[in-house]
Amino acid sequence: MLTANYDILGLTSGDKILDLGCGFGRHAFEAARRGANVVALDAGREEVEGVAATFAAMVQAGELTTPNLHTASVQGDALALPFPDGAFDRVICSEVLEHIPNDVGAMRELARVLRPGGTMAITVPRFGPELINWALSDAYHNVPGGHIRIFRKSQLEKRLTSVGMQVTGHHYAHGLHSPYWWLKCLVGTKNDKNWFVRQYHKLLVWDIMKGPRTTRYMEKVLAPIMGKSIILYLVKPL
């Protein structure tokens with residue numbers, strides 16, 4: 001389940017892309033499937049090792065067959081990226097900046113490693129749905145490594161333009177997921193035995209695995225209204 005749209009990002013086969021805060025690799029794997037040379041970076045060792053193992057399994061299974069394709073998983077710090085200036089054609093940073101105290105510092109590093117003319121996708125929780133989560137539950141965000149801020153769109157744009165990026169567009173995603181998290185916050189974020197939570201989770205899994213027309217239509221309608229994430233697309237001026 002992707003948050004960013006690689007067609008809008010302009011990703012093409014052979015591009016070098018950095019997936020910052022890769023987690024367990026959902027965006028990195030799709031980029032590799034499209035023939036990009038991928039560096040997946042995360043602060044967590046478990047995440048980095050998991051992504052490396054999955055990349056290896058994909059190669060062994062013949063899923064990654066693009067000639068000269070290179071993938072790497074790296075453990076690193078978003079405030080001190082271990083790459084030279086302009087190393088990447090594309091950069092993606094999905095659901096990361098809301099966790100980092102010095103978010104502008106991380107944005108500055110992302111802009112530094114992107115080549116002039118390169119494009120970037122930044123995704124963070126959307127202000128409205130996220131505000132409801134915070135109001136319903138302190139446990140949702142007030143945990144080690146949790147969300148420390150809620151971005152307004154204008155604030156996110158202003159901070160990214162301050163580090164030299166130019167906004168080219170935006171959209172929203174995961175309209176079906178916002179009610180799920182409101183429900184989780186209402187009954188307890190760790191209460192996975194609640195009947196309503198379990199049924200809603202089954203719906204989301206069905207949607208992700210099968211992509212039925214009904215839920216795809218619902219997502220298309222709901223995302224602009226209450227999508228859980230906002231995605232900004234940017235370019236680094238020549």
# chains A, B, ... in the order shown; residues from 1 in each chain; ligands from 1
$ select_by_dssp --residues "stretch 67-182 of chain A" --states "strand (DSSP E or B)" --output "PyMOL selection string"
chain A and resi 71-75+77+80+88-94+114-125+166-173
$ residues_around --residues "stretch 181-183 of chain A" --least-positions-apart "4" --cutoff "10 Å" --atoms "only C-alpha atoms" --output "PyMOL selection string"
chain A and resi 129-130+132-137+140+176-177+187-189+194+196-197+200+228
$ atom_distance --atom1 "atom CA of A:Asp42" --atom2 "atom CA of A:Gln75"
5.2 Å
$ residues_around --residues "stretch 223-225 of chain A" --least-positions-apart "4" --cutoff "12 Å" --atoms "only C-alpha atoms" --output "MDAnalysis selection string"
chainID A and resid 3 126:129 170:179 215:219 229:231
$ write_last_selection --atoms "N, CA and C atoms" --output "CSV table (one decimal), in the first residue's frame"
chain,number,residue,atom,x,y,z
A,3,THR,N,1.8,5.3,-0.3
A,3,THR,CA,1.2,6.6,0.0
A,3,THR,C,1.5,7.6,-1.1
A,126,ARG,N,-2.3,14.1,7.8
A,126,ARG,CA,-3.0,15.3,7.5
A,126,ARG,C,-3.6,15.9,8.8
A,127,PHE,N,-3.6,17.3,8.8
A,127,PHE,CA,-3.9,18.0,10.0
A,127,PHE,C,-5.3,17.6,10.6
A,128,GLY,N,-6.4,17.6,9.9
A,128,GLY,CA,-7.7,17.3,10.5
A,128,GLY,C,-7.8,16.0,11.1
A,129,PRO,N,-7.6,14.9,10.3
A,129,PRO,CA,-7.7,13.5,10.9
A,129,PRO,C,-6.7,13.3,12.0
A,170,HIS,N,0.1,18.5,-4.8
A,170,HIS,CA,-0.2,17.7,-3.6
A,170,HIS,C,-1.5,16.9,-3.8
A,171,HIS,N,-1.7,15.9,-3.0
A,171,HIS,CA,-3.0,15.2,-2.9
A,171,HIS,C,-3.1,14.5,-1.6
A,172,TYR,N,-4.2,13.8,-1.4
A,172,TYR,CA,-4.4,13.1,-0.1
A,172,TYR,C,-4.6,11.6,-0.3
A,173,ALA,N,-4.3,10.8,0.7
A,173,ALA,CA,-4.4,9.4,0.5
A,173,ALA,C,-4.9,8.7,1.8
A,174,HIS,N,-5.4,7.5,1.7
A,174,HIS,CA,-5.9,6.7,2.8
A,174,HIS,C,-7.1,7.2,3.5
A,175,GLY,N,-8.1,7.5,2.7
A,175,GLY,CA,-9.4,8.0,3.3
A,175,GLY,C,-10.1,6.9,4.1
A,176,LEU,N,-9.9,5.6,3.8
A,176,LEU,CA,-10.4,4.5,4.6
A,176,LEU,C,-9.7,4.3,5.9
A,177,HIS,N,-8.5,4.8,6.0
A,177,HIS,CA,-7.8,4.5,7.2
A,177,HIS,C,-8.0,5.5,8.4
A,178,SER,N,-8.5,6.7,8.1
A,178,SER,CA,-8.8,7.7,9.1
A,178,SER,C,-9.8,7.1,10.1
A,179,PRO,N,-11.0,6.6,9.7
A,179,PRO,CA,-11.9,6.1,10.7
A,179,PRO,C,-11.4,5.0,11.5
A,215,THR,N,-14.2,-0.7,-2.7
A,215,THR,CA,-13.3,0.0,-1.8
A,215,THR,C,-12.4,1.0,-2.5
A,216,ARG,N,-12.0,0.7,-3.7
A,216,ARG,CA,-11.2,1.6,-4.5
A,216,ARG,C,-12.1,2.9,-4.8
A,217,TYR,N,-13.3,2.7,-5.1
A,217,TYR,CA,-14.2,3.9,-5.3
A,217,TYR,C,-14.4,4.6,-4.0
A,218,MET,N,-14.6,3.9,-2.9
A,218,MET,CA,-14.7,4.6,-1.6
A,218,MET,C,-13.5,5.4,-1.3
A,219,GLU,N,-12.3,4.8,-1.5
A,219,GLU,CA,-11.1,5.5,-1.3
A,219,GLU,C,-10.9,6.8,-2.1
A,229,SER,N,-3.3,10.9,5.1
A,229,SER,CA,-2.0,11.5,4.8
A,229,SER,C,-2.2,12.6,3.7
A,230,ILE,N,-1.3,13.6,3.8
A,230,ILE,CA,-1.1,14.5,2.7
A,230,ILE,C,0.2,14.3,2.1
A,231,ILE,N,0.3,14.3,0.8
A,231,ILE,CA,1.5,14.1,0.0
A,231,ILE,C,1.8,15.4,-0.8
$ residues_around --residues "stretch 149-166 of chain A" --least-positions-apart "4" --cutoff "6 Å" --atoms "only C-alpha atoms" --output "short mmCIF file (atom, residue, chain, number, x, y, z; two decimals) with N, CA and C atoms, in the first residue's frame"
data_model
loop_
_atom_site.label_atom_id
_atom_site.label_comp_id
_atom_site.auth_asym_id
_atom_site.auth_seq_id
_atom_site.Cartn_x
_atom_site.Cartn_y
_atom_site.Cartn_z
N GLU A 98 7.07 13.96 11.02
CA GLU A 98 6.29 14.22 12.23
C GLU A 98 6.95 13.61 13.48
N ARG A 108 16.54 19.84 5.09
CA ARG A 108 17.75 20.40 4.48
C ARG A 108 18.65 19.30 3.94
N PHE A 127 -3.63 17.26 8.77
CA PHE A 127 -3.93 18.01 9.98
C PHE A 127 -5.25 17.59 10.63
N LEU A 234 7.63 17.95 -4.87
CA LEU A 234 8.51 19.11 -4.98
C LEU A 234 9.61 18.85 -5.99
N VAL A 235 10.21 19.92 -6.47
CA VAL A 235 11.36 19.83 -7.37
C VAL A 235 12.46 20.72 -6.84
N LYS A 236 13.70 20.30 -7.05
CA LYS A 236 14.84 21.14 -6.68
C LYS A 236 15.22 21.96 -7.90
#
$ atom_distance --atom1 "atom CA of A:Gln60" --atom2 "atom CA of A:Tyr6"
24.8 Å
$ closest_residue --among "A:Gly62, A:Gly117, A:Pro144, A:Gly50" --to "A:Gly23" --atoms "only C-alpha atoms"
A:Gly50
$ closest_residue --among "A:His70, A:Arg115, A:Lys184, A:Arg45" --to "A:His201" --atoms "only C-alpha atoms"
A:Lys184
$ residues_around --residues "A:Ile148" --least-positions-apart "6" --cutoff "10 Å" --atoms "only C-alpha atoms" --output "list in words"
Leu97, Glu98, His99, Ile100, Pro101, His141 and Asn142 of chain A
$ write_last_selection --atoms "N, CA and C atoms" --output "PDB file, in the first residue's frame"
ATOM      1  N   LEU A  97       8.696  12.902   9.043  1.00  0.00           N
ATOM      2  CA  LEU A  97       9.029  14.225   9.585  1.00  0.00           C
ATOM      3  C   LEU A  97       8.242  14.566  10.849  1.00  0.00           C
ATOM      4  N   GLU A  98       7.075  13.956  11.023  1.00  0.00           N
ATOM      5  CA  GLU A  98       6.294  14.221  12.233  1.00  0.00           C
ATOM      6  C   GLU A  98       6.948  13.606  13.475  1.00  0.00           C
ATOM      7  N   HIS A  99       7.965  12.767  13.275  1.00  0.00           N
ATOM      8  CA  HIS A  99       8.666  12.131  14.395  1.00  0.00           C
ATOM      9  C   HIS A  99       9.952  12.863  14.793  1.00  0.00           C
ATOM     10  N   ILE A 100      10.457  13.748  13.940  1.00  0.00           N
ATOM     11  CA  ILE A 100      11.802  14.301  14.109  1.00  0.00           C
ATOM     12  C   ILE A 100      11.741  15.702  14.724  1.00  0.00           C
ATOM     13  N   PRO A 101      12.379  15.905  15.883  1.00  0.00           N
ATOM     14  CA  PRO A 101      12.375  17.247  16.497  1.00  0.00           C
ATOM     15  C   PRO A 101      12.907  18.323  15.559  1.00  0.00           C
ATOM     16  N   HIS A 141      -0.040   9.288  20.361  1.00  0.00           N
ATOM     17  CA  HIS A 141       1.153  10.049  19.968  1.00  0.00           C
ATOM     18  C   HIS A 141       2.174  10.216  21.081  1.00  0.00           C
ATOM     19  N   ASN A 142       1.728  10.165  22.329  1.00  0.00           N
ATOM     20  CA  ASN A 142       2.618  10.448  23.451  1.00  0.00           C
ATOM     21  C   ASN A 142       3.334   9.173  23.905  1.00  0.00           C
TER      22      ASN A 142
END
$ closest_residue --among "A:Thr119, A:Ser73, A:Ser94, A:Gln199" --to "A:His27" --atoms "only C-alpha atoms"
A:Ser94
$ residues_around --residues "A:Pro84" --least-positions-apart "4" --cutoff "10 Å" --atoms "only C-alpha atoms" --output "PDB file with N, CA and C atoms, in the first residue's frame"
ATOM      1  N   PHE A  88      21.033  11.733  -5.662  1.00  0.00           N
ATOM      2  CA  PHE A  88      19.810  11.028  -6.061  1.00  0.00           C
ATOM      3  C   PHE A  88      18.976  11.838  -7.052  1.00  0.00           C
ATOM      4  N   ARG A 112      19.690  18.526   0.074  1.00  0.00           N
ATOM      5  CA  ARG A 112      21.122  18.479  -0.265  1.00  0.00           C
ATOM      6  C   ARG A 112      21.461  17.281  -1.140  1.00  0.00           C
ATOM      7  N   VAL A 113      20.909  16.094  -0.813  1.00  0.00           N
ATOM      8  CA  VAL A 113      21.295  14.888  -1.540  1.00  0.00           C
ATOM      9  C   VAL A 113      20.506  14.705  -2.836  1.00  0.00           C
ATOM     10  N   LEU A 114      19.543  15.569  -3.092  1.00  0.00           N
ATOM     11  CA  LEU A 114      18.777  15.525  -4.345  1.00  0.00           C
ATOM     12  C   LEU A 114      19.475  16.379  -5.396  1.00  0.00           C
TER      13      LEU A 114
END
$ atom_distance --atom1 "atom CA of A:Val51" --atom2 "atom CA of A:Ile208"
19.8 Å
$ closest_residue --among "A:Glu46, A:Glu63, A:Asp89, A:Glu30" --to "A:Asp15" --atoms "only C-alpha atoms"
A:Asp89
$ select_by_dssp --residues "stretch 5-236 of chain A" --states "helix (DSSP H, G or I)" --output "number ranges by chain"
A: 6-9, 26-33, 45-60, 97-99, 103-113, 127-136, 153-162, 177-187, 195-210, 213-226
$ decode --residues "stretch 5-17 of chain A" --atoms "N, CA and C atoms" --output "mmCIF file, in the first residue's frame"
data_model
loop_
_atom_site.group_PDB
_atom_site.id
_atom_site.type_symbol
_atom_site.label_atom_id
_atom_site.label_comp_id
_atom_site.auth_asym_id
_atom_site.auth_seq_id
_atom_site.Cartn_x
_atom_site.Cartn_y
_atom_site.Cartn_z
ATOM 1 N N ASN A 5 2.725 8.673 -4.949
ATOM 2 C CA ASN A 5 2.436 8.218 -6.303
ATOM 3 C C ASN A 5 3.708 8.371 -7.142
ATOM 4 N N TYR A 6 4.283 7.259 -7.559
ATOM 5 C CA TYR A 6 5.551 7.317 -8.287
ATOM 6 C C TYR A 6 5.399 7.876 -9.698
ATOM 7 N N ASP A 7 4.211 7.776 -10.263
ATOM 8 C CA ASP A 7 3.998 8.387 -11.572
ATOM 9 C C ASP A 7 4.069 9.911 -11.470
ATOM 10 N N ILE A 8 3.474 10.471 -10.418
ATOM 11 C CA ILE A 8 3.550 11.914 -10.202
ATOM 12 C C ILE A 8 4.982 12.325 -9.856
ATOM 13 N N LEU A 9 5.668 11.504 -9.076
ATOM 14 C CA LEU A 9 7.060 11.790 -8.728
ATOM 15 C C LEU A 9 7.953 11.799 -9.962
ATOM 16 N N GLY A 10 7.564 11.050 -10.977
ATOM 17 C CA GLY A 10 8.354 11.002 -12.204
ATOM 18 C C GLY A 10 9.410 9.918 -12.202
ATOM 19 N N LEU A 11 9.249 8.896 -11.364
ATOM 20 C CA LEU A 11 10.235 7.828 -11.268
ATOM 21 C C LEU A 11 10.274 7.014 -12.548
ATOM 22 N N THR A 12 11.482 6.793 -13.078
ATOM 23 C CA THR A 12 11.664 5.975 -14.266
ATOM 24 C C THR A 12 12.763 4.952 -14.014
ATOM 25 N N SER A 13 12.793 3.925 -14.838
ATOM 26 C CA SER A 13 13.797 2.884 -14.705
ATOM 27 C C SER A 13 15.196 3.487 -14.805
ATOM 28 N N GLY A 14 16.077 3.077 -13.907
ATOM 29 C CA GLY A 14 17.437 3.582 -13.893
ATOM 30 C C GLY A 14 17.660 4.757 -12.967
ATOM 31 N N ASP A 15 16.575 5.379 -12.479
ATOM 32 C CA ASP A 15 16.724 6.492 -11.532
ATOM 33 C C ASP A 15 17.336 6.007 -10.231
ATOM 34 N N LYS A 16 18.073 6.883 -9.579
ATOM 35 C CA LYS A 16 18.569 6.620 -8.227
ATOM 36 C C LYS A 16 17.619 7.291 -7.249
ATOM 37 N N ILE A 17 17.053 6.505 -6.333
ATOM 38 C CA ILE A 17 16.065 7.042 -5.398
ATOM 39 C C ILE A 17 16.438 6.696 -3.965
#
